[in-house]
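> Handing over my_file12.txt, compact mmCIF, C-alpha atoms.
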# COMPACT_ATOMS: atom_id res chain seq x y z
CA ASN A 1 10.73 -11.97 -13.19
CA ALA A 2 8.64 -8.84 -13.95
CA GLY A 3 5.97 -9.06 -11.21
CA VAL A 4 3.62 -6.08 -11.57
CA THR A 5 4.30 -3.61 -14.36
CA GLN A 6 2.58 -0.27 -14.75
CA THR A 7 2.46 1.77 -17.93
CA PRO A 8 3.19 4.67 -18.26
CA LYS A 9 5.44 5.76 -15.39
CA PHE A 10 4.76 9.48 -15.86
CA ARG A 11 2.08 11.46 -17.65
CA VAL A 12 0.89 15.04 -17.84
CA LEU A 13 -2.71 15.60 -18.93
CA LYS A 14 -4.74 18.68 -19.61
CA THR A 15 -8.05 19.06 -17.81
CA GLY A 16 -10.74 17.18 -19.72
CA GLN A 17 -8.41 14.78 -21.49
CA SER A 18 -8.78 11.06 -21.13
CA MET A 19 -6.23 8.34 -20.58
CA THR A 20 -5.83 4.72 -19.59
CA LEU A 21 -3.31 3.32 -17.14
CA LEU A 22 -2.29 -0.25 -17.73
CA CYS A 23 -1.34 -2.74 -15.07
CA ALA A 24 0.04 -6.13 -16.03
CA GLN A 25 1.01 -8.98 -13.70
CA ASP A 26 2.68 -12.25 -14.62
CA MET A 27 2.03 -14.14 -11.38
CA ASN A 28 -1.41 -15.50 -12.29
CA HIS A 29 -2.96 -13.62 -9.37
CA GLU A 30 -6.72 -13.48 -9.03
CA TYR A 31 -6.98 -10.19 -7.18
CA MET A 32 -5.89 -6.86 -8.61
CA TYR A 33 -6.21 -3.35 -7.19
CA TRP A 34 -5.78 0.28 -8.11
CA TYR A 35 -4.77 2.74 -5.39
CA ARG A 36 -3.94 6.41 -5.39
CA GLN A 37 -1.35 7.90 -3.08
CA ASP A 38 -1.59 11.50 -2.00
CA PRO A 39 0.62 13.37 0.50
CA GLY A 40 -0.55 12.89 4.06
CA MET A 41 -3.37 10.55 3.04
CA GLY A 42 -1.75 7.16 2.60
CA LEU A 43 -3.11 4.82 -0.05
CA ARG A 44 -6.76 4.87 -0.98
CA LEU A 45 -8.42 2.09 -2.92
CA ILE A 46 -10.04 3.23 -6.16
CA HIS A 47 -11.31 -0.02 -7.68
CA TYR A 48 -10.46 -3.66 -7.40
CA SER A 49 -11.09 -6.96 -9.14
CA VAL A 50 -11.38 -10.44 -7.69
CA GLY A 51 -11.14 -12.19 -11.03
CA GLU A 52 -11.28 -11.88 -14.78
CA GLY A 53 -14.39 -10.06 -15.90
CA THR A 54 -15.22 -8.71 -12.43
CA THR A 55 -14.64 -5.27 -10.94
CA ALA A 56 -15.84 -3.47 -7.84
CA LYS A 57 -15.67 0.01 -6.35
CA GLY A 58 -13.25 0.87 -3.64
CA GLU A 59 -13.07 3.86 -1.35
CA VAL A 60 -12.66 6.64 -3.98
CA PRO A 61 -14.09 5.37 -7.31
CA ASP A 62 -15.62 8.60 -8.67
CA GLY A 63 -14.08 9.81 -11.92
CA TYR A 64 -12.48 6.45 -12.69
CA ASN A 65 -13.49 3.33 -14.55
CA VAL A 66 -11.76 -0.04 -14.74
CA SER A 67 -11.81 -3.19 -16.81
CA ARG A 68 -10.39 -6.69 -16.33
CA LEU A 69 -10.90 -8.39 -19.65
CA LYS A 70 -7.86 -10.61 -19.17
CA LYS A 71 -6.70 -12.06 -15.89
CA GLN A 72 -3.24 -10.56 -16.18
CA ASN A 73 -4.33 -7.01 -17.02
CA PHE A 74 -6.22 -4.39 -15.02
CA LEU A 75 -6.91 -1.08 -16.74
CA LEU A 76 -7.73 2.19 -15.00
CA GLY A 77 -9.43 4.84 -17.11
CA LEU A 78 -9.92 8.54 -16.60
CA GLU A 79 -12.60 9.76 -18.99
CA SER A 80 -12.28 13.48 -18.25
CA ALA A 81 -9.24 14.27 -16.14
CA ALA A 82 -9.48 16.86 -13.37
CA PRO A 83 -6.69 18.53 -11.36
CA SER A 84 -7.96 16.66 -8.28
CA GLN A 85 -6.81 13.46 -9.96
CA THR A 86 -3.19 14.56 -9.83
CA SER A 87 -1.65 11.76 -7.81
CA VAL A 88 0.60 8.73 -7.85
CA TYR A 89 -1.31 5.64 -8.89
CA PHE A 90 -0.33 2.16 -7.76
CA CYS A 91 -1.52 -1.16 -9.01
CA ALA A 92 -1.24 -4.27 -6.88
CA SER A 93 -2.02 -7.94 -7.30
CA ARG A 94 -2.45 -10.81 -4.88
CA ASP A 95 -3.28 -14.48 -4.78
CA PRO A 96 -6.06 -14.83 -2.16
CA GLY A 97 -5.27 -18.28 -0.78
CA GLN A 98 -5.62 -18.87 2.93
CA GLY A 99 -4.57 -16.42 5.59
CA VAL A 100 -2.22 -13.61 4.78
CA SER A 101 -0.73 -13.50 1.35
CA GLU A 102 1.48 -10.72 0.14
CA ALA A 103 0.28 -8.05 -2.24
CA PHE A 104 2.77 -7.10 -4.93
CA PHE A 105 2.85 -3.50 -6.03
CA GLY A 106 3.90 -1.88 -9.27
CA GLN A 107 6.34 1.03 -9.28
CA GLY A 108 3.61 3.61 -9.69
CA THR A 109 2.40 6.09 -12.28
CA ARG A 110 2.85 9.76 -11.51
CA LEU A 111 -0.02 11.66 -13.12
CA THR A 112 -0.26 15.43 -13.26
CA VAL A 113 -3.43 17.10 -14.50
CA VAL A 114 -3.00 20.77 -15.43
CA GLY B 115 -15.03 3.78 9.06
CA GLU B 116 -11.65 2.35 9.78
CA ASP B 117 -8.85 4.76 10.49
CA VAL B 118 -5.11 4.21 10.76
CA GLU B 119 -2.91 6.99 12.11
CA GLN B 120 0.83 7.47 11.94
CA SER B 121 3.19 10.32 12.56
CA LEU B 122 4.49 11.70 9.30
CA PHE B 123 8.20 11.93 9.96
CA LEU B 124 10.96 10.35 12.03
CA SER B 125 14.66 11.12 12.01
CA VAL B 126 17.29 8.89 13.64
CA ARG B 127 21.06 8.53 13.56
CA GLU B 128 22.66 5.57 11.87
CA GLY B 129 23.17 2.75 14.35
CA ASP B 130 20.35 3.86 16.64
CA SER B 131 17.02 2.08 16.94
CA SER B 132 13.96 3.46 15.16
CA VAL B 133 10.46 3.06 16.49
CA ILE B 134 7.56 3.80 14.18
CA ASN B 135 4.14 3.92 15.80
CA CYS B 136 0.66 3.35 14.48
CA THR B 137 -2.81 3.46 15.99
CA TYR B 138 -5.93 2.00 14.44
CA THR B 139 -9.62 2.13 15.24
CA ASP B 140 -11.07 -1.10 13.83
CA SER B 141 -11.47 -3.53 16.71
CA SER B 142 -12.11 -6.39 14.30
CA SER B 143 -8.69 -6.10 12.67
CA THR B 144 -7.26 -9.53 12.13
CA TYR B 145 -4.03 -8.78 10.33
CA LEU B 146 -1.73 -5.82 10.78
CA TYR B 147 1.02 -5.09 8.32
CA TRP B 148 4.08 -2.98 7.83
CA TYR B 149 4.99 -1.99 4.30
CA LYS B 150 8.12 -0.20 3.14
CA GLN B 151 8.20 2.20 0.21
CA GLU B 152 11.58 3.23 -1.12
CA PRO B 153 11.87 6.38 -3.27
CA GLY B 154 10.28 5.95 -6.69
CA ALA B 155 9.07 2.44 -5.94
CA GLY B 156 5.92 0.65 -4.96
CA LEU B 157 5.19 -0.76 -1.53
CA GLN B 158 6.77 -3.97 -0.34
CA LEU B 159 5.48 -6.05 2.51
CA LEU B 160 7.99 -5.90 5.33
CA THR B 161 6.25 -7.95 7.97
CA TYR B 162 2.83 -8.66 9.42
CA ILE B 163 1.32 -9.83 12.68
CA PHE B 164 -1.86 -11.65 13.54
CA SER B 165 -4.13 -9.95 16.04
CA ASN B 166 -3.75 -12.83 18.50
CA MET B 167 -0.02 -12.16 18.81
CA ASP B 168 1.72 -9.60 21.00
CA MET B 169 5.10 -9.59 19.36
CA LYS B 170 6.88 -10.78 16.28
CA GLN B 171 10.61 -10.60 15.69
CA ASP B 172 12.35 -10.96 12.36
CA GLN B 173 16.08 -10.19 12.37
CA ARG B 174 16.39 -6.43 12.99
CA LEU B 175 12.63 -5.91 13.01
CA THR B 176 10.38 -6.21 16.06
CA VAL B 177 6.65 -5.69 15.81
CA LEU B 178 4.70 -5.03 19.00
CA LEU B 179 0.92 -5.13 19.17
CA ASN B 180 -1.15 -3.76 22.00
CA LYS B 181 -4.61 -4.87 21.02
CA LYS B 182 -6.29 -3.25 24.00
CA ASP B 183 -4.96 0.18 23.02
CA LYS B 184 -5.08 -0.60 19.26
CA HIS B 185 -1.43 0.36 18.99
CA LEU B 186 1.13 -1.18 16.67
CA SER B 187 4.82 -0.39 16.53
CA LEU B 188 7.75 -1.32 14.35
CA ARG B 189 11.22 -1.24 15.87
CA ILE B 190 14.24 -1.34 13.59
CA ALA B 191 17.43 -2.15 15.45
CA ASP B 192 20.79 -0.77 14.29
CA THR B 193 19.14 1.48 11.71
CA GLN B 194 21.07 1.84 8.46
CA THR B 195 20.92 4.46 5.72
CA GLY B 196 19.30 1.84 3.51
CA ASP B 197 16.35 1.84 5.90
CA SER B 198 15.46 5.38 4.82
CA ALA B 199 12.00 5.03 3.29
CA ILE B 200 8.33 5.58 3.98
CA TYR B 201 6.78 2.98 6.25
CA PHE B 202 3.07 2.25 6.05
CA CYS B 203 1.02 0.60 8.70
CA ALA B 204 -2.07 -1.23 7.42
CA GLU B 205 -4.85 -3.34 8.84
CA SER B 206 -7.47 -5.70 7.50
CA GLU B 207 -10.26 -7.80 8.89
CA GLY B 208 -9.13 -10.86 7.02
CA GLY B 209 -6.63 -12.04 4.49
CA GLY B 210 -8.49 -10.34 1.66
CA TYR B 211 -7.35 -6.94 0.52
CA GLN B 212 -10.75 -5.48 -0.25
CA LYS B 213 -10.78 -3.99 3.18
CA VAL B 214 -7.15 -3.16 3.84
CA THR B 215 -6.79 0.30 5.29
CA PHE B 216 -3.43 2.00 5.01
CA GLY B 217 -2.02 4.64 7.30
CA THR B 218 -0.62 7.92 6.04
CA GLY B 219 2.94 6.62 6.11
CA THR B 220 5.94 7.64 8.24
CA LYS B 221 8.97 8.95 6.42
CA LEU B 222 12.10 7.63 8.13
CA GLN B 223 15.25 9.64 7.61
CA VAL B 224 18.50 8.04 8.72
CA ILE B 225 21.32 10.49 9.36
CA PRO B 226 24.83 9.08 8.72
Translate the structure described by the file into structure tokens.

Amino acid sequence: NAGVTQTPKFRVLKTGQSMTLLCAQDMNHEYMYWYRQDPGMGLRLIHYSVGEGTTAKGEVPDGYNVSRLKKQNFLLGLESAAPSQTSVYFCASRDPGQGVSEAFFGQGTRLTVV
Amino acid sequence: GEDVEQSLFLSVREGDSSVINCTYTDSSSTYLYWYKQEPGAGLQLLTYIFSNMDMKQDQRLTVLLNKKDKHLSLRIADTQTGDSAIYFCAESEGGGYQKVTFGTGTKLQVIP
């Protein structure tokens, strides 16, 4: 019963390097999200997807790109990492349905850009 | 835009009640949520309340909503050390998560 799995859990990048964070969910959820969590700022939505092949910008999309080629996977890319992107990144997935439905979060990826 | 405010830190003694407060600005909020984040983990939905409700109780948890003042609170009765975590208030206009706004989180420390 894996739920939402993020890879990797930790990473240190040098400024200008690129990397991809992988999020995988096994619950057949339509909606997937990438958030970043910074001290004193709560969670901020970077990008989201409402279905396979679709993506949309969230609150803080600059410097990030995403892809949802398969329903179960949502990739977050950093093309040229900057120190301002040092953060903890969380992926979440949800089945829209009617009314409130719970979002399931991964355990997070702690990224440090030096 | 929408804004959700919380105090950053709360410390209580084991066995006491904890009250975590939240204020929000979006008058069209339909759902209000409380999430719990334990160290090194993602967020887990703790409870939620519809905007047409004043109160919701679930075992040791009581959620109070004052829609007029846009104030939400979470009361944890008989607080235990296992309740130590960060608690996030969040609001959305509907069931969709495109527009969920999270608060800054309140770190609850339970002293044995």
> Please write as a PyMOL selection string the list of polymer residues whose atoms come within 10 Å of (-12.6, 1.0, -15.6), counting only C-alpha atoms and keeping to the coordinates of the file.
chain A and resi 20-21+47-48+55-57+61+63-68+74-79
> Compute the set of chain B residues within 10 Å of chain A, using all atoms listed in the file, and express it as a count of residues only.
40
> Please compute the atom CA of Leu124 of chain B-atom CA of Gln223 of chain B distance, one decimal, in Å.
6.2 Å
> Calculated over only C-alpha atoms, which of the candidates A:Met27, A:Leu22, A:Leu69, A:Val114 has the smallest distance to Ala82 of chain A?
A:Val114
> My list of candidates is A:Ala2, A:Leu111, A:Ala81, A:Val12. Which is closest to Asp26 of chain A when distances are computed with all atoms listed in the file?
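That would be A:Ala2, the residue with the smallest distance to Asp26 of chain A.
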> For Arg127 of chain B, please output as an MDAnalysis selection string all residues within 8 Å (counting only C-alpha atoms; exclusion window: fewer than 5 positions along the same chain).
chainID B and resid 193 224:226
> Rounded to one decimal, what separation in Å do you get between atom CA of Pro83 of chain A and atom CA of Arg11 of chain A?
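If I compute the distance from atom CA of Pro83 of chain A to atom CA of Arg11 of chain A, I get 12.9 Å.
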> Record the distance separating atom CA of Lys184 of chain B and atom CA of Asp117 of chain B, expressed in Å with one decimal.
10.9 Å
> Write out as a list in words the residues lying within 8 Å of Lys70 of chain A, counting all atoms listed in the file and excluding same-chain residues fewer than 3 positions away.
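Contacts, with the query itself left out: Glu52, Gly53, Asn73 and Phe74 of chain A.
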> Identify the residues within 9 Å of coordinate (5.3, -7.5, 17.2) (same frame as the file), considering all atoms listed in the file, and give the answer as a VMD selection string.
chain B and resid 162 to 163 167 to 171 175 to 180 186 to 189
> Of the candidates B:Thr139, B:Lys182, B:Arg174, B:Ser125, which one gets nearest to Ser198 of chain B if we count only C-alpha atoms?
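For Ser198 of chain B, the nearest of the given residues is B:Ser125.
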> Kindly indicate which residue among A:Thr7, A:Thr86, A:Thr54, A:Val60 lies nearest to Ala24 of chain A, using only C-alpha atoms for the distances.
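Residue with the minimum atom-to-atom distance to Ala24 of chain A: A:Thr7.
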